[in-house]
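**Student:** Take this structure, written in structure tokens, and hold onto it; I'll ask about it next.
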Amino acid sequence: MSLKGKNIGIAITGSFCTYEKTFTQMERLVRQGASVRTIFSNSAASLDSRFGSSDKFLKLAKDITGYPPILTIPDAEPIGPGKMFDILVLLPCTGNTIAKLANGITDTPALMAAKAHLRNNRPLLISLSTNDALGMNMKNIGILMNTKHIFFIPFAQDNPGKKPNSMISRTELLVPSIEAALEGRQIQPVIGGAPCVE
């Protein structure tokens with residue numbers, strides 16, 4: 001499947017350590033001809049970290065996509081009525097966002113984007129990045145894995161020795177995961193291992 005001409009939303013939440021991979025994958029989507037727009041959570045839009053300043057990442061998002069990021073809940077709400085995206089990707093998606101999404105909480109622009117997008121029965125793809133995937137958030141991940149129109153980029157433990165509950169998505173599989181989700185399929189295997197791309 002070609003992504004040329006596809007409208008793809010990227011909702012960025014506060015897993016700052018994964019931003020380098022996130023923006024690399026965004027550049028890849030644009031090179032393949034997709035039209036990409038970004039939505040930032042409140043934390044992603046306002047917090048600085050050792051991985052870089054929020055201003056730097058906001059500028060980078062605009063430079064890569066050609067569009068200013070969506071930064072408020074009111075600006076994210078029209079994503080639904082306007083049917084803005086063929087697919088929306090939560091990239092990266094923190095445990096906090098996972099928990100709220102699984103429980104119907106919509107208190108950030110990223111979550112509003114997800115809610116608004118899902119009303120159109122279009123695919124929502126999650127790029128997991130959380131230290132408690134195998135802990136408190138495991139039930140929420142299970143809820144979302146069994147929710148219609150929600151798909152996951154394959155994920156695995158990233159540091160089982162020091163962080164046994166932590167899991168992170170294999171962002172290099174973003175494109176085949178998008179292609180599968182647009183066809184209504186969950187790319188497999190979803191946990192660990194190499195994907196079976198048919």
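Each chain in the structure tokens gets a letter, A, B and so on, in the order shown; residues start at 1 in every chain, and ligands are counted from 1 in the order they appear.
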For Met138 of chain A, list every protein, DNA or RNA residue within 10 Å, evaluated using only C-alpha atoms, and leave out those in the same chain fewer than 4 positions away; present the list as a list of chain:residue names.

**Tutor:**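 Neighbouring residues, sequence-local ones excluded: A:Gly95, A:Ile98, A:Ala99, A:Asp132, A:Ala133, A:Leu134, A:Gly142, A:Ile143, A:Asn165.
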
**Student:** At a cut-off of 9 Å, using only C-alpha atoms, what residues contact Ala61 of chain A? Leave out same-chain residues fewer than 5 positions from it and give the result as number ranges by chain.

**Tutor:** A: 23, 26, 37-38, 56, 66-69

**Student:** Run DSSP on the backbone and grab whatever in segment 5-183 of chain A lands in alpha helix (DSSP H); send it over as an MDAnalysis selection string.

**Tutor:** chainID A and resid 19:31 42:46 54:65 73:76 95:102 109:118 138:145 174:182

**Student:** List as CSV every residue of segment 36-101 of chain A that is in contact with segment 114-131 of chain A, defined as an atom at most 8 Å from one of its atoms (using only C-alpha atoms), together with the nearest atom pair and the distance in Å rounded to one decimal, sorted by chain and then rising number.

**Tutor:**
```
residue,atom,partner,partner_atom,distance
A:Ala76,CA,A:Ala116,CA,7.7
A:Glu77,CA,A:Ala116,CA,5.9
A:Pro78,CA,A:Ala116,CA,7.3
A:Ile79,CA,A:Ala116,CA,5.8
A:Gly80,CA,A:Ala116,CA,4.1
A:Pro81,CA,A:Ala116,CA,7.5
A:Lys83,CA,A:Asn120,CA,7.0
A:Met84,CA,A:His117,CA,8.0
A:Phe85,CA,A:His117,CA,7.3
A:Asp86,CA,A:Arg122,CA,6.6
A:Ile87,CA,A:Pro123,CA,5.2
A:Leu88,CA,A:Leu124,CA,5.0
A:Val89,CA,A:Leu125,CA,4.6
A:Leu90,CA,A:Ile126,CA,4.9
A:Leu91,CA,A:Ser127,CA,5.1
A:Pro92,CA,A:Ser127,CA,5.2
A:Cys93,CA,A:Leu128,CA,5.0
A:Thr94,CA,A:Ser129,CA,5.2
A:Gly95,CA,A:Thr130,CA,4.9
```

**Student:** Give me, as a Markdown table, the closest atom pair and its distance (Å, one decimal) for every residue of segment 121-198 of chain A within a cut-off of 10 Å of segment 27-34 of chain A, counting only C-alpha atoms, rows sorted by chain and rising number.

**Tutor:**
```
| residue | atom | partner | partner_atom | distance |
| --- | --- | --- | --- | --- |
| A:Glu172 | CA | A:Arg28 | CA | 10.0 |
| A:Leu174 | CA | A:Leu29 | CA | 9.1 |
| A:Val175 | CA | A:Leu29 | CA | 7.6 |
```

**Student:** Excluding Pro74 of chain A and its own-chain neighbours fewer than 5 positions away, which residues fall within 10 Å of it when counting only C-alpha atoms? Please give them as an mmCIF file with N, CA and C atoms, in the first residue's frame.

**Tutor:**
```cif
data_model
loop_
_atom_site.group_PDB
_atom_site.id
_atom_site.type_symbol
_atom_site.label_atom_id
_atom_site.label_comp_id
_atom_site.auth_asym_id
_atom_site.auth_seq_id
_atom_site.Cartn_x
_atom_site.Cartn_y
_atom_site.Cartn_z
ATOM 1 N N ILE A 79 -11.145 17.775 14.466
ATOM 2 C CA ILE A 79 -10.583 16.621 13.759
ATOM 3 C C ILE A 79 -11.682 15.615 13.418
ATOM 4 N N THR A 108 -6.590 16.335 27.302
ATOM 5 C CA THR A 108 -5.437 16.916 26.610
ATOM 6 C C THR A 108 -5.770 17.000 25.120
ATOM 7 N N PRO A 109 -5.058 17.828 24.369
ATOM 8 C CA PRO A 109 -5.299 17.874 22.922
ATOM 9 C C PRO A 109 -5.097 16.520 22.242
ATOM 10 N N MET A 112 -8.179 14.413 22.984
ATOM 11 C CA MET A 112 -9.309 14.929 22.220
ATOM 12 C C MET A 112 -9.183 14.535 20.759
ATOM 13 N N ALA A 113 -7.964 14.584 20.221
ATOM 14 C CA ALA A 113 -7.744 14.167 18.840
ATOM 15 C C ALA A 113 -8.148 12.715 18.655
#
```

**Student:** When you count only C-alpha atoms, which of these residues is closest to Thr147 of chain A: A:Leu173, A:Cys17, A:Ala44, A:Leu101?

**Tutor:**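 The closest residue to Thr147 of chain A is A:Leu101.
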
**Student:** Could you pull out the strand (DSSP E or B) residues of segment 2-48 of chain A from DSSP and send them as an NGL selection string?

**Tutor:** :A and (7-12 or 35-40)

**Student:** Could you save the residues just selected, with N, CA and C atoms, as a CSV table (one decimal), in the first residue's frame?

**Tutor:**
```csv
chain,number,residue,atom,x,y,z
A,7,ASN,N,-3.8,11.2,4.7
A,7,ASN,CA,-3.7,12.2,5.7
A,7,ASN,C,-3.5,11.5,7.1
A,8,ILE,N,-2.4,11.8,7.7
A,8,ILE,CA,-1.9,11.1,8.9
A,8,ILE,C,-1.7,12.1,10.0
A,9,GLY,N,-2.4,11.9,11.1
A,9,GLY,CA,-2.2,12.7,12.3
A,9,GLY,C,-1.2,12.0,13.2
A,10,ILE,N,-0.3,12.8,13.8
A,10,ILE,CA,0.6,12.3,14.8
A,10,ILE,C,0.4,13.0,16.1
A,11,ALA,N,-0.2,12.3,17.1
A,11,ALA,CA,-0.4,12.9,18.4
A,11,ALA,C,0.8,12.6,19.3
A,12,ILE,N,1.5,13.6,19.8
A,12,ILE,CA,2.7,13.4,20.5
A,12,ILE,C,2.5,13.6,22.0
A,35,SER,N,0.5,13.4,3.9
A,35,SER,CA,0.3,14.7,4.5
A,35,SER,C,0.2,14.5,6.0
A,36,VAL,N,1.1,15.1,6.8
A,36,VAL,CA,1.2,14.8,8.2
A,36,VAL,C,0.9,16.1,9.0
A,37,ARG,N,0.1,16.0,10.0
A,37,ARG,CA,-0.2,17.0,10.9
A,37,ARG,C,0.1,16.5,12.3
A,38,THR,N,0.5,17.4,13.2
A,38,THR,CA,0.8,17.0,14.6
A,38,THR,C,-0.1,17.6,15.6
A,39,ILE,N,-0.3,16.9,16.7
A,39,ILE,CA,-1.1,17.3,17.8
A,39,ILE,C,-0.2,17.1,19.0
A,40,PHE,N,0.0,18.1,19.9
A,40,PHE,CA,0.9,17.9,21.1
A,40,PHE,C,0.0,17.8,22.3
```
